[in-house]
Each structure stands twice: as structure tokens, then as C-alpha cells.
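K.L.:
Structure file data_39.cif (mmCIF, C-alpha atoms and all ligand atoms) is given on the next line.
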```cif
data_structure
#
loop_
_atom_site.label_atom_id
_atom_site.label_comp_id
_atom_site.auth_asym_id
_atom_site.auth_seq_id
_atom_site.Cartn_x
_atom_site.Cartn_y
_atom_site.Cartn_z
CA MET G 1 -5.28 -18.67 -8.03
CA GLU G 2 -4.31 -20.73 -4.98
CA LEU G 3 -3.32 -18.91 -1.82
CA LEU G 4 0.16 -19.25 -0.35
CA SER G 5 -1.43 -19.26 3.10
CA ASP G 6 -3.29 -22.48 2.23
CA CYS G 7 0.02 -24.38 2.10
CA PRO G 8 1.46 -25.03 5.60
CA VAL G 9 5.16 -25.10 4.63
CA HIS G 10 6.97 -24.36 1.39
CA ALA G 11 10.04 -26.57 1.06
CA SER G 12 11.25 -24.79 -2.06
CA VAL G 13 10.16 -21.87 -4.23
CA PRO G 14 7.80 -23.28 -6.88
CA ASP G 15 8.96 -22.43 -10.42
CA LYS G 16 6.04 -20.10 -11.06
CA TYR G 17 7.27 -17.82 -8.24
CA VAL G 18 10.86 -17.64 -9.46
CA LEU G 19 11.30 -14.16 -10.93
CA PRO G 20 13.46 -13.56 -14.00
CA PRO G 21 17.00 -12.65 -12.83
CA GLU G 22 16.65 -8.92 -13.61
CA LYS G 23 13.62 -8.62 -11.30
CA ARG G 24 15.06 -10.46 -8.30
CA PRO G 25 16.15 -8.49 -5.24
CA SER G 26 19.87 -7.92 -5.50
CA LEU G 27 20.61 -6.64 -2.00
CA LEU G 28 19.79 -9.21 0.64
CA ASN G 29 20.91 -9.36 4.26
CA ASP G 30 21.36 -5.61 4.34
CA GLU G 31 21.02 -3.90 7.69
CA PRO G 32 17.75 -2.11 8.40
CA SER G 33 18.19 1.61 8.03
CA SER G 34 16.68 4.45 10.03
CA ASP G 35 17.41 7.00 7.32
CA VAL G 36 14.82 6.18 4.79
CA ALA G 37 11.44 6.54 6.47
CA ILE G 38 10.36 8.45 9.53
CA PRO G 39 8.55 6.17 11.99
CA VAL G 40 5.48 7.86 13.46
CA VAL G 41 5.28 7.17 17.20
CA ASN G 42 3.03 8.71 19.88
CA HIS G 43 0.39 8.64 17.20
CA GLY G 44 -2.60 8.23 19.48
CA VAL G 45 -3.78 4.89 18.06
CA ALA G 46 -3.91 2.58 21.09
CA GLU G 47 -1.59 -0.42 20.97
CA ASP G 48 -4.43 -2.86 21.69
CA VAL G 49 -6.36 -1.45 18.72
CA VAL G 50 -3.39 -2.11 16.42
CA GLN G 51 -2.63 -5.52 17.92
CA GLY G 52 -6.32 -6.46 17.99
CA PHE G 53 -6.70 -6.02 14.25
CA ARG G 54 -3.27 -7.46 13.40
CA GLU G 55 -4.21 -10.63 15.31
CA ALA G 56 -7.64 -10.86 13.66
CA ALA G 57 -6.05 -10.44 10.21
CA ALA G 58 -3.38 -13.07 10.96
CA GLY G 59 -6.21 -15.31 12.18
CA PHE G 60 -7.99 -14.90 8.86
CA PHE G 61 -4.97 -16.14 6.89
CA ALA G 62 -4.51 -19.03 9.35
CA MET G 63 -8.03 -20.35 8.71
CA PRO G 64 -8.48 -23.52 6.66
CA ALA G 65 -8.68 -23.02 2.90
CA GLU G 66 -12.44 -23.68 2.79
CA ASP G 67 -13.15 -20.78 5.17
CA LYS G 68 -11.23 -18.36 2.93
CA LEU G 69 -12.65 -19.70 -0.31
CA PRO G 70 -15.88 -17.63 -0.29
CA TYR G 71 -13.79 -14.45 -0.22
CA ARG G 72 -11.33 -15.40 -2.97
CA SER G 73 -11.86 -12.91 -5.76
CA ASP G 74 -10.19 -10.49 -8.15
CA ASP G 75 -13.39 -8.45 -8.57
CA LEU G 76 -12.37 -4.88 -7.72
CA SER G 77 -15.94 -3.86 -6.81
CA LYS G 78 -15.99 -6.09 -3.70
CA HIS G 79 -15.66 -4.46 -0.27
CA PHE G 80 -13.66 -7.43 1.00
CA ARG G 81 -11.64 -10.01 -0.89
CA VAL G 82 -8.58 -12.19 -0.60
CA SER G 83 -6.19 -12.93 -3.42
CA SER G 84 -2.57 -13.77 -4.13
CA SER G 85 0.39 -12.11 -5.88
CA THR G 86 -0.34 -8.77 -7.58
CA PRO G 87 -2.39 -7.71 -10.60
CA TYR G 88 0.18 -5.08 -11.54
CA ASP G 89 3.06 -7.08 -12.97
CA ARG G 90 3.27 -6.48 -16.72
CA ASN G 91 4.32 -10.05 -17.56
CA GLY G 92 2.05 -11.69 -15.02
CA ASP G 93 5.03 -12.75 -12.85
CA ARG G 94 3.96 -13.95 -9.44
CA TYR G 95 4.96 -12.47 -6.10
CA TRP G 96 5.30 -14.13 -2.71
CA LEU G 97 2.23 -12.75 -0.93
CA ASP G 98 -1.44 -13.17 -0.26
CA TYR G 99 -3.44 -10.04 0.43
CA LEU G 100 -6.76 -8.75 1.64
CA LYS G 101 -8.30 -5.71 -0.10
CA ILE G 102 -10.84 -4.03 2.11
CA ASN G 103 -13.00 -0.93 1.82
CA CYS G 104 -12.46 0.00 5.43
CA HIS G 105 -13.75 3.55 5.87
CA PRO G 106 -16.39 4.93 6.25
CA VAL G 107 -17.58 2.01 8.36
CA THR G 108 -21.02 1.53 6.78
CA ASP G 109 -23.45 -1.41 7.00
CA GLU G 110 -22.90 -2.01 3.29
CA HIS G 111 -19.13 -2.43 3.83
CA VAL G 112 -19.33 -4.36 7.10
CA ARG G 113 -21.78 -6.90 5.67
CA GLU G 114 -19.07 -8.02 3.22
CA TRP G 115 -16.32 -8.21 5.86
CA PRO G 116 -15.80 -11.77 7.15
CA ASP G 117 -17.45 -12.83 10.42
CA LYS G 118 -14.57 -15.21 11.16
CA PRO G 119 -12.34 -14.87 13.17
CA GLY G 120 -15.03 -13.61 15.59
CA SER G 121 -13.21 -10.34 16.37
CA PHE G 122 -12.53 -9.45 12.72
CA ARG G 123 -15.33 -6.95 12.07
CA SER G 124 -15.19 -5.10 15.39
CA SER G 125 -11.38 -4.88 15.45
CA LEU G 126 -11.29 -3.66 11.83
CA ALA G 127 -13.94 -0.99 12.53
CA GLU G 128 -11.96 0.23 15.54
CA TYR G 129 -8.60 0.19 13.73
CA SER G 130 -9.80 1.88 10.59
CA THR G 131 -11.64 4.64 12.50
CA ALA G 132 -8.54 5.36 14.60
CA VAL G 133 -6.13 5.29 11.63
CA HIS G 134 -8.47 7.46 9.59
CA GLU G 135 -8.38 10.09 12.34
CA LEU G 136 -4.59 9.86 12.49
CA ALA G 137 -4.38 10.30 8.72
CA GLN G 138 -6.52 13.45 8.89
CA THR G 139 -4.20 14.82 11.59
CA LEU G 140 -1.13 14.03 9.47
CA LEU G 141 -2.70 15.71 6.45
CA ARG G 142 -3.45 18.81 8.50
CA LEU G 143 0.15 18.93 9.74
CA ILE G 144 1.50 18.44 6.22
CA ALA G 145 -0.77 21.23 4.91
CA GLU G 146 0.38 23.58 7.68
CA GLY G 147 4.02 22.64 7.01
CA LEU G 148 3.48 23.69 3.39
CA SER G 149 1.85 26.98 4.49
CA LEU G 150 -1.44 25.79 3.02
CA ASP G 151 -4.77 26.07 4.81
CA GLY G 152 -4.96 23.36 7.53
CA GLY G 153 -8.06 21.91 5.85
CA PHE G 154 -6.46 21.86 2.39
CA PHE G 155 -6.50 18.04 2.06
CA ALA G 156 -9.65 17.49 4.14
CA GLY G 157 -12.33 17.56 1.42
CA ASP G 158 -12.46 15.56 -1.81
CA LEU G 159 -8.66 15.14 -1.89
CA SER G 160 -8.88 12.66 0.99
CA GLY G 161 -12.62 11.94 0.92
CA GLY G 162 -12.66 8.81 -1.27
CA SER G 163 -13.51 5.43 0.19
CA THR G 164 -10.47 4.43 2.28
CA GLN G 165 -8.90 1.18 1.18
CA MET G 166 -6.77 -1.23 3.11
CA ASN G 167 -4.26 -3.80 1.95
CA VAL G 168 -3.41 -6.48 4.45
CA ASN G 169 -0.35 -8.17 3.00
CA TYR G 170 0.64 -11.62 4.21
CA TYR G 171 4.15 -12.82 3.29
CA PRO G 172 4.80 -16.39 4.42
CA PRO G 173 8.38 -17.51 5.09
CA CYS G 174 10.09 -18.08 1.76
CA PRO G 175 12.66 -20.87 1.31
CA ASP G 176 14.86 -18.68 -0.93
CA PRO G 177 14.27 -14.91 -0.72
CA SER G 178 16.89 -14.27 -3.42
CA LEU G 179 14.59 -15.74 -6.09
CA THR G 180 11.43 -13.76 -5.55
CA LEU G 181 9.93 -10.58 -4.12
CA GLY G 182 6.97 -10.03 -1.81
CA LEU G 183 5.80 -6.99 -3.73
CA LEU G 184 7.09 -5.30 -6.87
CA PRO G 185 8.69 -1.82 -6.83
CA HIS G 186 5.97 0.82 -6.89
CA CYS G 187 4.78 4.14 -5.51
CA ASP G 188 1.34 4.22 -3.93
CA ARG G 189 -1.29 5.55 -6.28
CA HIS G 190 -3.31 7.63 -3.83
CA LEU G 191 -2.57 10.52 -1.42
CA LEU G 192 -1.17 9.10 1.84
CA THR G 193 -0.37 5.66 3.27
CA VAL G 194 -0.31 4.69 6.95
CA LEU G 195 1.48 1.35 7.26
CA SER G 196 1.89 -0.97 10.24
CA GLN G 197 4.65 -3.48 9.53
CA GLY G 198 4.85 -5.15 12.96
CA ASP G 199 8.30 -6.27 14.02
CA VAL G 200 9.40 -8.24 10.95
CA ALA G 201 11.47 -6.27 8.43
CA GLY G 202 10.76 -6.53 4.72
CA LEU G 203 9.73 -3.10 3.46
CA GLN G 204 12.48 -1.51 1.36
CA ALA G 205 12.58 2.04 0.00
CA ARG G 206 14.67 3.24 -2.91
CA HIS G 207 17.13 5.84 -1.76
CA GLY G 208 19.94 7.24 -3.87
CA GLY G 209 19.83 4.32 -6.28
CA ARG G 210 19.90 1.69 -3.49
CA TRP G 211 17.18 -0.30 -1.78
CA LEU G 212 17.23 0.27 1.98
CA LEU G 213 15.35 -1.86 4.46
CA VAL G 214 13.00 0.22 6.61
CA ARG G 215 13.77 -0.60 10.24
CA PRO G 216 10.70 -1.85 12.10
CA VAL G 217 10.07 0.31 15.17
CA PRO G 218 7.77 -1.28 17.76
CA GLY G 219 4.32 0.29 17.71
CA ALA G 220 5.23 2.82 15.01
CA PHE G 221 3.52 3.52 11.71
CA VAL G 222 5.42 4.15 8.51
CA VAL G 223 3.91 7.01 6.52
CA ASN G 224 4.37 6.94 2.75
CA LEU G 225 3.39 9.80 0.51
CA GLY G 226 1.45 8.74 -2.56
CA HIS G 227 1.67 9.95 -6.16
CA GLN G 228 -1.16 12.44 -5.57
CA MET G 229 0.83 14.17 -2.82
CA GLU G 230 3.78 14.52 -5.17
CA ILE G 231 1.61 15.99 -7.91
CA ILE G 232 -0.36 18.36 -5.66
CA THR G 233 2.87 19.69 -4.12
CA ASN G 234 4.37 20.06 -7.61
CA GLY G 235 7.13 17.57 -6.80
CA LEU G 236 8.11 19.00 -3.40
CA LEU G 237 6.90 16.01 -1.36
CA ALA G 238 7.96 13.18 -3.63
CA SER G 239 6.47 9.73 -3.38
CA VAL G 240 9.12 7.18 -2.43
CA GLU G 241 9.39 4.03 -4.49
CA HIS G 242 9.20 0.91 -2.31
CA ARG G 243 8.94 -2.87 -2.51
CA ALA G 244 8.78 -5.82 -0.10
CA VAL G 245 11.36 -8.59 0.24
CA THR G 246 10.71 -11.95 1.86
CA ASN G 247 12.56 -13.80 4.60
CA THR G 248 13.14 -17.44 5.49
CA ASP G 249 12.03 -17.42 9.13
CA ALA G 250 8.88 -15.55 9.94
CA VAL G 251 5.48 -14.66 8.55
CA ARG G 252 5.35 -10.94 7.83
CA LEU G 253 2.07 -9.04 7.93
CA SER G 254 1.69 -5.43 6.84
CA VAL G 255 -1.53 -3.51 7.37
CA VAL G 256 -1.63 -0.66 4.90
CA THR G 257 -4.30 2.06 5.00
CA LEU G 258 -4.60 4.10 1.82
CA ILE G 259 -6.17 7.55 1.91
CA MET G 260 -7.77 8.22 -1.48
CA PRO G 261 -9.19 11.23 -3.26
CA LYS G 262 -12.75 10.88 -4.55
CA MET G 263 -12.72 9.29 -8.00
CA GLU G 264 -14.17 12.43 -9.64
CA CYS G 265 -11.81 14.79 -7.79
CA ARG G 266 -9.70 17.07 -10.01
CA ILE G 267 -6.01 16.81 -9.17
CA GLY G 268 -3.11 19.00 -10.21
CA PRO G 269 -0.36 21.09 -8.64
CA ALA G 270 -1.90 23.43 -6.05
CA PRO G 271 -1.70 27.06 -7.28
CA GLU G 272 0.11 27.89 -4.01
CA MET G 273 2.85 25.39 -4.96
CA VAL G 274 3.42 26.82 -8.43
CA ASN G 275 5.39 29.87 -9.43
CA GLU G 276 5.44 30.60 -13.15
CA ALA G 277 8.90 32.21 -12.96
CA THR G 278 10.74 29.92 -10.52
CA GLY G 279 8.71 26.72 -10.29
CA PRO G 280 6.19 26.25 -13.10
CA ALA G 281 3.66 23.42 -12.93
CA LYS G 282 5.33 20.05 -13.53
CA PHE G 283 2.08 18.09 -13.91
CA LYS G 284 -1.15 18.41 -15.87
CA GLU G 285 -4.56 18.56 -14.24
CA PHE G 286 -6.65 15.38 -14.41
CA GLU G 287 -9.51 13.51 -12.79
CA PHE G 288 -8.33 10.97 -10.18
CA SER G 289 -10.18 8.13 -11.99
CA GLU G 290 -7.90 8.77 -15.02
CA PHE G 291 -4.87 8.30 -12.83
CA ILE G 292 -6.12 4.94 -11.55
CA LYS G 293 -6.52 3.72 -15.14
CA ALA G 294 -3.08 4.98 -16.14
CA TYR G 295 -1.51 3.37 -13.06
CA SER G 296 -2.78 -0.06 -14.07
CA ALA G 297 -1.75 0.51 -17.68
CA ALA G 298 1.73 1.50 -16.51
CA ALA G 299 1.96 -1.62 -14.31
CA ALA G 300 2.60 0.61 -11.29
CA SER G 301 5.96 1.76 -12.70
CA ARG G 302 6.74 5.12 -11.09
CA GLU G 303 8.35 6.71 -14.11
CA ASP G 304 5.87 5.36 -16.67
CA VAL G 305 2.83 6.61 -14.80
CA LEU G 306 4.33 10.01 -13.99
CA HIS G 307 5.50 10.41 -17.58
CA TYR G 308 1.85 10.33 -18.61
CA PHE G 309 0.88 13.23 -16.33
CA ARG G 310 4.08 15.29 -16.55
CA ILE G 311 4.19 18.55 -18.48
CA HIS G 312 7.09 18.03 -20.88
CA ARG G 313 8.69 21.36 -21.66
O1 LIG O 1 4.43 -4.86 3.00
C1 LIG O 1 4.86 -3.73 2.95
O2 LIG O 1 5.53 -3.24 3.88
C2 LIG O 1 4.59 -2.86 1.74
C3 LIG O 1 3.17 -2.89 1.28
C4 LIG O 1 2.85 -1.90 0.22
O3 LIG O 1 3.71 -1.22 -0.27
C5 LIG O 1 1.47 -1.73 -0.26
O4 LIG O 1 0.57 -2.48 0.14
O5 LIG O 1 1.26 -0.80 -1.07
FE FE O 2 2.90 0.45 -1.41
#
```
Do you think you could lay out the structure here as C-alpha cells?
P.N.:
Amino acid sequence: MELLSDCPVHASVPDKYVLPPEKRPSLLNDEPSSDVAIPVVNHGVAEDVVQGFREAAAGFFAMPAEDKLPYRSDDLSKHFRVSSSTPYDRNGDRYWLDYLKINCHPVTDEHVREWPDKPGSFRSSLAEYSTAVHELAQTLLRLIAEGLSLDGGFFAGDLSGGSTQMNVNYYPPCPDPSLTLGLLPHCDRHLLTVLSQGDVAGLQARHGGRWLLVRPVPGAFVVNLGHQMEIITNGLLASVEHRAVTNTDAVRLSVVTLIMPKMECRIGPAPEMVNEATGPAKFKEFEFSEFIKAYSAAAASREDVLHYFRIHR
């Protein structure tokens, strides 16, 4: 599949990117909202670490097509690859983005060898960024656990110990944002997401039946809770459905770090979050690898995938 970033300017939206009317974004030009996601500031990840990797990632997409070609792949076992659109759409509709998928933590020789050596700062800035964000994520998980009156280390083991993945999403300017989407509506399939969206808006969250644009806050991270957090907390900390819209003027780059359970980890509502009389378990217990399969089968649809794991009384 060709990359959008290989084409310098798009004068119009090619037919293959025009979504069927019912899938197009209906609310455009809405004002960014502060209500829908809490920006995390004073997070301890140095600004030059964030900017350093954002610039290296932007530099990767700006390289000539032949430099990106060796990394073009849809093989999920690769530690680094670049591709376009999304594999999750049920009808194979195409979305207005290119993306990198990276196994970014732990920073091992095996991973780093597959990361690109161009731009020159890519590997070192990624190692620095992912180490810092990983530490931040562990702090957030400890705070969430304490806020739930769970042991501070509740999420620290296998629940967050899978190989950390990163999506770097690149949305080029789109000649007509009303015809397409950057990314389809979904909830994240893992435990916790730490997202840097830079200063270009485009992330929308579903709130009370409406899509609200998440206001970019300079230097802040957006933290999304994944499906696993919703299940472990028995629905208390729900995963918010989100999508990305495009814009006509500016490239948008989001750097999204996904904290995963280990594939063989057993997941289910924590006993501390369940009360047989007042709040019985809403979800079955399963192995995380089963969830990943179901998520693909459900084309990332929030309700379809949760339906599969819900206890229906
Ligand atoms: O680009 C964004 O802000 C959203 C990205 C996202 O939701 C994802 O990569 O899972
Ligand atoms: Fe997401």
C-alpha cells in the first residue's frame, strides 16, 4: 500500500479514501474542549526528550520514499514497521494516515537493531523517550491503583509487563476533512495510553453522544484508559471511545505509547472491585491474547468486543 507521506501535496481526496457517508465525521469545525480529557502536565518527561523524538519521527516520514521502503510492512511480528491506513476497518475502508508501529520498551539490542538508523537521531531519541514515558506510565498506574484503594504495585507486574508498543501516527493535511477520517472510532485494546499530540488538534473523544475535540495543551500528555483498565476495575474506569479527524492546513503527528499486559496474563475484574451483592462482576476472566484476537475480529468496535467478554445476566 502506498504511503500518504510519499506524496508531497494532495490536491483532492482520492476516491479510495472517501468514506461512505455514514462513516464520515459529522461534526467539523467544533471548538476544542477541555472537558473531555485531562491533560497531564508537570509529568517529569523533559521537553527536549519529547521534542527530540517528535522531530526524529517527523523526519522519518519526510524522507524520500526509497528510504522508507525497507520498513514498509504489515507483518505484526516486526519490531519496527511503517504502513498506511488501519487494518481494523471491517470493509477495508481507508483512513487518512500513515503510521509507525514500534516495539519501544524494553530497549533491547534485538528491538533497536530493527529501528531505523535514519534520521541519525532516531534510535537514541526513541530510546530516551520510551524510557521516560515508560517511567511516567508506571507512576500513573501506581497513582491510579492508590486512587482505587488497591496496592500501589497492583498494575506493576504482568498487567503492565508486556512489550510496550508505540504508534506514531502521521496525518498529512487533507483537502476535504469532511470526506474522511484519520483514524476510526475505537477504544485502545491494552491497559493505558500516554499520547503526545503536539499542538495540532485532531483527537476527538465521544462524550454524551457527541464527538468533542481534545484541546491540545503545550507539552502535555493525554492519558487514555484502555479496555483492560475498564475490565479490571469492573467498569469503574471506563475506556473512552476516540477517533482522529484531519485538517486542511497542517501535518499532525501523534506519538502514542501503549502499556500492555503480558500476552499470557489472566485478566478479569479485580476481586477488590467486585461485590456480589452491590456490584457483581461484569466481565469474564480471559487470557490477554484472547482479547487481542477478539479485538481484531470485532474490528475495534467498542461494543462488539466488550459484548464478547461481558457477563450477560
Ligand atoms: O492521533 C491521535 O490522537 C489518536 C491516536 C490513537 O488513538 C491511537 O493510536 O490509538
Ligand atoms: Fe487509540
K.L.:
Around ligand LIG 1 (chain O), out to 6 Å and counting all atoms listed in the file, which residues are there? I want them as a PDB file with C-alpha atoms, in the frame of the given file.
P.N.:
```
ATOM      1  CA  ASN G 167      -4.260  -3.800   1.950  1.00  0.00           C
ATOM      2  CA  ASN G 169      -0.350  -8.170   3.000  1.00  0.00           C
ATOM      3  CA  ASP G 188       1.340   4.220  -3.930  1.00  0.00           C
ATOM      4  CA  GLN G 197       4.650  -3.480   9.530  1.00  0.00           C
ATOM      5  CA  LEU G 203       9.730  -3.100   3.460  1.00  0.00           C
ATOM      6  CA  ARG G 243       8.940  -2.870  -2.510  1.00  0.00           C
ATOM      7  CA  ALA G 244       8.780  -5.820  -0.100  1.00  0.00           C
ATOM      8  CA  SER G 254       1.690  -5.430   6.840  1.00  0.00           C
ATOM      9  CA  VAL G 256      -1.630  -0.660   4.900  1.00  0.00           C
TER      10      VAL G 256
END
```
K.L.:
Residues contacting ligand FE 2 (chain O) - anything with an atom at most 9 Å away, using all atoms listed in the file - can you give me those as a PyMOL selection string?
P.N.:
chain G and resi 167+183-189+193+195+224+226+241-244+256+258
K.L.:
Pull C-alpha atoms from the residues just selected and write them as a short mmCIF file (atom, residue, chain, number, x, y, z; two decimals), in the frame of the given file.
P.N.:
```
data_model
loop_
_atom_site.label_atom_id
_atom_site.label_comp_id
_atom_site.auth_asym_id
_atom_site.auth_seq_id
_atom_site.Cartn_x
_atom_site.Cartn_y
_atom_site.Cartn_z
CA ASN G 167 -4.26 -3.80 1.95
CA LEU G 183 5.80 -6.99 -3.73
CA LEU G 184 7.09 -5.30 -6.87
CA PRO G 185 8.69 -1.82 -6.83
CA HIS G 186 5.97 0.82 -6.89
CA CYS G 187 4.78 4.14 -5.51
CA ASP G 188 1.34 4.22 -3.93
CA ARG G 189 -1.29 5.55 -6.28
CA THR G 193 -0.37 5.66 3.27
CA LEU G 195 1.48 1.35 7.26
CA ASN G 224 4.37 6.94 2.75
CA GLY G 226 1.45 8.74 -2.56
CA GLU G 241 9.39 4.03 -4.49
CA HIS G 242 9.20 0.91 -2.31
CA ARG G 243 8.94 -2.87 -2.51
CA ALA G 244 8.78 -5.82 -0.10
CA VAL G 256 -1.63 -0.66 4.90
CA LEU G 258 -4.60 4.10 1.82
#
```
K.L.:
One decimal, Å: what's the distance from CA of Ile259 (chain G) over to CA of Pro106 (chain G), could you say?
P.N.:
11.4 Å
K.L.:
Counting all atoms listed in the file, find the residues whose atoms lie at most 7 Å from (2.7, 1.2, 20.1) (file coordinates) and write them out as a ChimeraX atom specification.
P.N.:
/G:46-47,218-220
K.L.:
With distances taken over all atoms listed in the file, which of G:Thr233, G:Ala294, G:Pro21, G:Val274 is nearest to Gly147 (chain G)?
P.N.:
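Ranking G:Thr233, G:Ala294, G:Pro21, G:Val274 by distance to Gly147 (chain G), first place goes to G:Thr233.
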K.L.:
Of the residues G:Ala37, G:Met260, G:Leu191, G:Met166, which is the one nearest to Leu212 (chain G), using all atoms listed in the file?
P.N.:
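Of the candidates, the smallest distance to Leu212 (chain G) is held by G:Ala37.
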K.L.:
Which is closer to Thr180 (chain G) than all the others in G:Pro8, G:Pro70, G:Pro25, G:Pro269, using only C-alpha atoms?
P.N.:
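Closest to Thr180 (chain G) of all the choices is G:Pro25.
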K.L.:
Of the candidates G:Cys104, G:Leu141, G:Ala132, G:Leu76, which shows the shortest atom-to-atom distance to Val50 (chain G), using all atoms listed in the file?
P.N.:
G:Ala132
K.L.:
For CA of Ala205 (chain G) and CA of Pro39 (chain G), determine how far apart the two atoms are, in Å to one decimal place.
P.N.:
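Spanning CA of Ala205 (chain G) to CA of Pro39 (chain G) is a straight-line distance of 13.3 Å.
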K.L.:
G:Val255, G:Ala281, G:Leu306, G:Ala201: which is nearest Ser239 (chain G), counting all atoms listed in the file?
P.N.:
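Of all the options, G:Leu306 lies closest to Ser239 (chain G).
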K.L.:
Could you tell me how far CA of Thr246 (chain G) lies from CA of Lys101 (chain G), in Å and to one decimal?
P.N.:
20.1 Å
K.L.:
Mind rebuilding region 264-281 of chain G with N, CA and C atoms and writing that out as a short mmCIF file (atom, residue, chain, number, x, y, z; two decimals), keeping the file's coordinate frame?
P.N.:
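Contents of the output file result_20.cif:
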```cif
data_model
loop_
_atom_site.label_atom_id
_atom_site.label_comp_id
_atom_site.auth_asym_id
_atom_site.auth_seq_id
_atom_site.Cartn_x
_atom_site.Cartn_y
_atom_site.Cartn_z
N GLU G 264 -13.91 11.33 -8.71
CA GLU G 264 -14.17 12.43 -9.64
C GLU G 264 -13.38 13.70 -9.28
N CYS G 265 -12.55 13.60 -8.26
CA CYS G 265 -11.81 14.79 -7.79
C CYS G 265 -10.79 15.24 -8.85
N ARG G 266 -10.71 16.53 -9.09
CA ARG G 266 -9.70 17.07 -10.01
C ARG G 266 -8.39 17.22 -9.24
N ILE G 267 -7.32 16.75 -9.83
CA ILE G 267 -6.01 16.81 -9.17
C ILE G 267 -5.05 17.56 -10.08
N GLY G 268 -4.17 18.32 -9.47
CA GLY G 268 -3.11 19.00 -10.21
C GLY G 268 -2.28 19.75 -9.19
N PRO G 269 -1.16 20.32 -9.59
CA PRO G 269 -0.36 21.09 -8.64
C PRO G 269 -1.20 22.22 -8.03
N ALA G 270 -1.14 22.36 -6.71
CA ALA G 270 -1.90 23.43 -6.05
C ALA G 270 -1.33 24.77 -6.51
N PRO G 271 -2.20 25.75 -6.82
CA PRO G 271 -1.70 27.06 -7.28
C PRO G 271 -0.66 27.62 -6.32
N GLU G 272 -0.85 27.37 -5.01
CA GLU G 272 0.11 27.89 -4.01
C GLU G 272 1.49 27.26 -4.16
N MET G 273 1.57 26.10 -4.85
CA MET G 273 2.85 25.39 -4.96
C MET G 273 3.54 25.68 -6.30
N VAL G 274 2.90 26.56 -7.08
CA VAL G 274 3.42 26.82 -8.43
C VAL G 274 3.85 28.28 -8.51
N ASN G 275 4.95 28.51 -9.18
CA ASN G 275 5.39 29.87 -9.43
C ASN G 275 5.88 29.92 -10.88
N GLU G 276 5.15 30.65 -11.71
CA GLU G 276 5.44 30.60 -13.15
C GLU G 276 6.90 30.91 -13.45
N ALA G 277 7.51 31.82 -12.67
CA ALA G 277 8.90 32.21 -12.96
C ALA G 277 9.88 31.17 -12.42
N THR G 278 9.70 30.74 -11.15
CA THR G 278 10.74 29.92 -10.52
C THR G 278 10.38 28.44 -10.42
N GLY G 279 9.09 28.14 -10.44
CA GLY G 279 8.71 26.72 -10.29
C GLY G 279 7.42 26.43 -11.01
N PRO G 280 7.44 26.47 -12.36
CA PRO G 280 6.19 26.25 -13.10
C PRO G 280 5.63 24.86 -12.87
N ALA G 281 4.34 24.70 -13.17
CA ALA G 281 3.66 23.42 -12.93
C ALA G 281 4.39 22.29 -13.65
#
```
